[in-house]
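J.: Handing you this structure, nothing more for now.
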Amino acid sequence: MKANDATILQVERFIRKIAQKFPAVEEPTIMTDIHLSISQDTGELMAFDDNDNEITRCVVSEWIDCKDPDFYDNAADVLRDVIGRLHDSTENMCVLKPYSFVLENDEREHVSELYLVDSDIKIIGGDLMKGLDEDLDKFLEDLLK
């Protein structure tokens, strides 16, 4: 599923609305992550803070009743791309660092880490701990030799 221009514009508007809710200030005081939830049936894209307070929502027409088995992976790619392009807004929000944008399904179950903002690093990508199990298994195996 390749996102069309209308989808990208809707997602950009959605991300900008989130950034507007947390305007940049000298000393951020809010401590939260941004949880993005997508409903594959309704196409509804919603943003919540850590306390499940709704920040904003929109309906992405292209995502309504989408049956693509890779729906969440494809949606995550679109969201990562838009968040990365809008980094001036998303990295300067009035939120204590580090904070991240997290993708969840319509049942609010974790799907993917989208973007991590820290003072010195920005991580755009899939799972932040990808391959950790294999690395730990290899380390343990080497240690026990």
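Every chain in the structure tokens takes a letter, A first, then B, and so on in the order presented; its residues are numbered from 1, and the ligands are numbered from 1 following the presented order.
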Skipping near chain neighbours, those fewer than 3 positions away, what residues fall within 9 Å of segment 3-16 of chain A using only C-alpha atoms, listed as a tab-separated table (two decimals) with N, CA and C atoms, in the first residue's frame?

T.:
```
chain	number	residue	atom	x	y	z
A	19	ALA	N	1.74	18.94	17.41
A	19	ALA	CA	2.79	19.89	17.77
A	19	ALA	C	2.20	21.20	18.29
A	20	GLN	N	1.07	21.63	17.73
A	20	GLN	CA	0.43	22.86	18.19
A	20	GLN	C	-0.08	22.75	19.63
A	21	LYS	N	-0.42	21.53	20.05
A	21	LYS	CA	-0.91	21.33	21.42
A	21	LYS	C	0.23	21.43	22.45
A	45	LEU	N	-7.35	7.91	12.90
A	45	LEU	CA	-6.01	8.10	13.45
A	45	LEU	C	-6.15	9.02	14.64
A	46	MET	N	-5.74	8.55	15.83
A	46	MET	CA	-5.91	9.32	17.05
A	46	MET	C	-4.58	9.44	17.78
A	47	ALA	N	-4.41	10.53	18.51
A	47	ALA	CA	-3.22	10.75	19.31
A	47	ALA	C	-3.63	10.91	20.77
A	56	THR	N	-5.65	14.74	19.59
A	56	THR	CA	-6.35	15.07	18.34
A	56	THR	C	-6.72	13.78	17.63
A	57	ARG	N	-7.53	13.91	16.59
A	57	ARG	CA	-7.91	12.75	15.78
A	57	ARG	C	-8.28	13.23	14.38
A	58	CYS	N	-8.23	12.29	13.44
A	58	CYS	CA	-8.69	12.55	12.08
A	58	CYS	C	-9.03	11.21	11.44
A	59	VAL	N	-9.66	11.25	10.30
A	59	VAL	CA	-9.96	10.03	9.55
A	59	VAL	C	-9.16	10.09	8.25
A	60	VAL	N	-8.38	9.05	8.02
A	60	VAL	CA	-7.60	8.95	6.79
A	60	VAL	C	-8.42	8.09	5.83
A	61	SER	N	-8.96	8.74	4.82
A	61	SER	CA	-9.89	8.08	3.89
A	61	SER	C	-9.32	6.80	3.28
A	62	GLU	N	-8.07	6.83	2.90
A	62	GLU	CA	-7.45	5.68	2.25
A	62	GLU	C	-7.36	4.47	3.19
A	63	TRP	N	-7.34	4.72	4.49
A	63	TRP	CA	-7.19	3.64	5.45
A	63	TRP	C	-8.52	3.03	5.91
A	74	ASN	N	2.90	-0.54	6.82
A	74	ASN	CA	2.83	0.51	5.81
A	74	ASN	C	2.43	1.85	6.42
A	75	ALA	N	1.47	1.83	7.33
A	75	ALA	CA	1.06	3.06	8.01
A	75	ALA	C	2.20	3.62	8.84
A	78	VAL	N	4.57	5.54	6.65
A	78	VAL	CA	4.03	6.86	6.30
A	78	VAL	C	4.20	7.81	7.49
A	79	LEU	N	3.84	7.35	8.68
A	79	LEU	CA	3.94	8.19	9.87
A	79	LEU	C	5.39	8.58	10.16
A	82	VAL	N	6.52	11.27	7.64
A	82	VAL	CA	5.93	12.59	7.92
A	82	VAL	C	6.54	13.19	9.18
A	83	ILE	N	6.67	12.42	10.25
A	83	ILE	CA	7.25	12.93	11.49
A	83	ILE	C	8.68	13.39	11.24
A	86	LEU	N	8.71	16.68	9.39
A	86	LEU	CA	8.25	17.78	10.24
A	86	LEU	C	9.08	17.88	11.53
A	89	SER	N	9.08	20.81	14.04
A	89	SER	CA	7.94	20.89	14.95
A	89	SER	C	7.96	19.78	15.99
A	90	THR	N	8.22	18.55	15.55
A	90	THR	CA	8.10	17.40	16.45
A	90	THR	C	9.24	17.32	17.46
```

J.: Run DSSP on the backbone of this structure and report the residues of chain A it assigns to strand (DSSP E), as a PyMOL selection string.

T.: chain A and resi 34-38+44-48+54-59+99-104+110-117+122-124

J.: Take the residues from that selection and put them in a file with C-alpha atoms, as a PDB file, in the first residue's frame.

T.:
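So out23.pdb came out as:
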```pdb
ATOM      1  CA  ILE A  34       2.723  10.540  22.032  1.00  0.00           C
ATOM      2  CA  HIS A  35       0.653   7.417  21.360  1.00  0.00           C
ATOM      3  CA  LEU A  36      -0.795   7.174  17.855  1.00  0.00           C
ATOM      4  CA  SER A  37      -3.642   4.729  17.402  1.00  0.00           C
ATOM      5  CA  ILE A  38      -5.047   3.613  14.054  1.00  0.00           C
ATOM      6  CA  GLU A  44      -9.418   6.813  12.338  1.00  0.00           C
ATOM      7  CA  LEU A  45      -6.011   8.095  13.450  1.00  0.00           C
ATOM      8  CA  MET A  46      -5.910   9.318  17.053  1.00  0.00           C
ATOM      9  CA  ALA A  47      -3.218  10.753  19.311  1.00  0.00           C
ATOM     10  CA  PHE A  48      -3.120  10.312  23.091  1.00  0.00           C
ATOM     11  CA  GLU A  54      -6.963  12.560  23.549  1.00  0.00           C
ATOM     12  CA  ILE A  55      -4.782  15.141  21.812  1.00  0.00           C
ATOM     13  CA  THR A  56      -6.348  15.070  18.343  1.00  0.00           C
ATOM     14  CA  ARG A  57      -7.915  12.753  15.776  1.00  0.00           C
ATOM     15  CA  CYS A  58      -8.687  12.549  12.076  1.00  0.00           C
ATOM     16  CA  VAL A  59      -9.962  10.032   9.553  1.00  0.00           C
ATOM     17  CA  TYR A  99       9.932  11.309  24.390  1.00  0.00           C
ATOM     18  CA  SER A 100       8.728   9.144  21.578  1.00  0.00           C
ATOM     19  CA  PHE A 101       5.961   8.671  19.079  1.00  0.00           C
ATOM     20  CA  VAL A 102       4.518   5.169  19.463  1.00  0.00           C
ATOM     21  CA  LEU A 103       2.134   3.398  17.083  1.00  0.00           C
ATOM     22  CA  GLU A 104      -0.698   1.303  18.523  1.00  0.00           C
ATOM     23  CA  HIS A 110       1.854  -1.579  20.923  1.00  0.00           C
ATOM     24  CA  VAL A 111       2.740  -2.015  17.246  1.00  0.00           C
ATOM     25  CA  SER A 112       5.934  -0.020  16.699  1.00  0.00           C
ATOM     26  CA  GLU A 113       8.220   2.734  17.935  1.00  0.00           C
ATOM     27  CA  LEU A 114       8.049   5.451  15.303  1.00  0.00           C
ATOM     28  CA  TYR A 115      10.361   8.208  16.430  1.00  0.00           C
ATOM     29  CA  LEU A 116      12.422   8.899  19.550  1.00  0.00           C
ATOM     30  CA  VAL A 117      13.484  12.430  20.438  1.00  0.00           C
ATOM     31  CA  LYS A 122      16.902  11.199  17.139  1.00  0.00           C
ATOM     32  CA  ILE A 123      15.968   7.672  16.188  1.00  0.00           C
ATOM     33  CA  ILE A 124      13.720   7.099  13.226  1.00  0.00           C
TER      34      ILE A 124
END
```

J.: Counting only C-alpha atoms, what is within 9 Å of Pro98 of chain A, bar same-chain residues fewer than 3 positions away, as a list in words?

T.: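 Result of the neighbour search: Met31, Asp33, Val95, Leu116, Val117, Asp118 and Ser119 of chain A.
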
J.: Using the selection just defined, write its residues with N, CA and C atoms as a tab-separated table (two decimals), in the first residue's frame.

T.:
```tsv
chain	number	residue	atom	x	y	z
A	31	MET	N	5.56	15.82	30.78
A	31	MET	CA	6.29	14.56	30.62
A	31	MET	C	5.34	13.53	30.02
A	33	ASP	N	4.73	10.64	26.35
A	33	ASP	CA	5.01	10.15	25.01
A	33	ASP	C	3.75	10.42	24.21
A	95	VAL	N	7.67	19.17	25.61
A	95	VAL	CA	7.61	17.87	26.27
A	95	VAL	C	9.03	17.56	26.73
A	116	LEU	N	11.97	8.57	18.20
A	116	LEU	CA	12.42	8.90	19.55
A	116	LEU	C	13.17	10.21	19.50
A	117	VAL	N	12.81	11.14	20.36
A	117	VAL	CA	13.48	12.43	20.44
A	117	VAL	C	14.19	12.51	21.78
A	118	ASP	N	15.50	12.73	21.72
A	118	ASP	CA	16.30	12.92	22.92
A	118	ASP	C	17.11	14.19	22.69
A	119	SER	N	17.82	14.65	23.70
A	119	SER	CA	18.59	15.88	23.56
A	119	SER	C	19.64	15.77	22.47
```

J.: Please extract the residues of segment 25-143 of chain A with a backbone DSSP assignment of alpha helix (DSSP H) and present them as number ranges by chain.

T.: A: 71-85, 87-90, 132-143

J.: Quick one: pull the distance between atom CA of Thr42 of chain A and atom CA of Asp77 of chain A, Å, one decimal.

T.: 19.2 Å

J.: Rounded to one decimal place, report the atom CA of Ile30 of chain A-atom CA of Asn105 of chain A distance in Å.

T.: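 Between these atoms lies a distance of 24.7 Å.
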
J.: Closest to Asp68 of chain A among A:Gln40, A:Thr32, A:Ile18, A:Lys97, using only C-alpha atoms?

T.: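 Closest residue, counting only C-alpha atoms: A:Gln40.
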
J.: Quick one: distance from atom CA of Lys67 of chain A to atom CA of Arg108 of chain A in Å, one decimal?

T.: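 Distance reported for this atom pair: 18.6 Å.
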
J.: Leaving out Pro28 of chain A and any residue of its chain fewer than 2 positions from it, which residues lie within 8 Å of it when counting only C-alpha atoms, given as JSON, numbers by chain?

T.: {"A": [24, 25, 26, 30, 93, 94, 95, 96]}

J.: Residues of the last selection are to be written out with N, CA and C atoms, as a PDB file, in the first residue's frame.

T.:
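Listing of again.pdb after writing:
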```pdb
ATOM      1  N   ALA A  24       6.498  25.134  21.655  1.00  0.00           N
ATOM      2  CA  ALA A  24       7.855  25.190  22.212  1.00  0.00           C
ATOM      3  C   ALA A  24       7.960  26.293  23.265  1.00  0.00           C
ATOM      4  N   VAL A  25       8.618  25.968  24.369  1.00  0.00           N
ATOM      5  CA  VAL A  25       8.944  26.934  25.428  1.00  0.00           C
ATOM      6  C   VAL A  25      10.364  26.643  25.891  1.00  0.00           C
ATOM      7  N   GLU A  26      10.927  27.569  26.675  1.00  0.00           N
ATOM      8  CA  GLU A  26      12.304  27.396  27.153  1.00  0.00           C
ATOM      9  C   GLU A  26      12.455  26.177  28.052  1.00  0.00           C
ATOM     10  N   ILE A  30       5.965  19.267  30.583  1.00  0.00           N
ATOM     11  CA  ILE A  30       5.071  18.137  30.359  1.00  0.00           C
ATOM     12  C   ILE A  30       5.904  16.887  30.098  1.00  0.00           C
ATOM     13  N   MET A  93       8.751  20.309  20.688  1.00  0.00           N
ATOM     14  CA  MET A  93       7.500  20.397  21.433  1.00  0.00           C
ATOM     15  C   MET A  93       7.801  20.604  22.914  1.00  0.00           C
ATOM     16  N   CYS A  94       6.851  21.166  23.631  1.00  0.00           N
ATOM     17  CA  CYS A  94       6.985  21.429  25.067  1.00  0.00           C
ATOM     18  C   CYS A  94       6.775  20.127  25.850  1.00  0.00           C
ATOM     19  N   VAL A  95       7.666  19.172  25.606  1.00  0.00           N
ATOM     20  CA  VAL A  95       7.612  17.872  26.267  1.00  0.00           C
ATOM     21  C   VAL A  95       9.025  17.560  26.731  1.00  0.00           C
ATOM     22  N   LEU A  96       9.154  17.088  27.975  1.00  0.00           N
ATOM     23  CA  LEU A  96      10.479  16.738  28.490  1.00  0.00           C
ATOM     24  C   LEU A  96      11.095  15.628  27.661  1.00  0.00           C
TER      25      LEU A  96
END
```
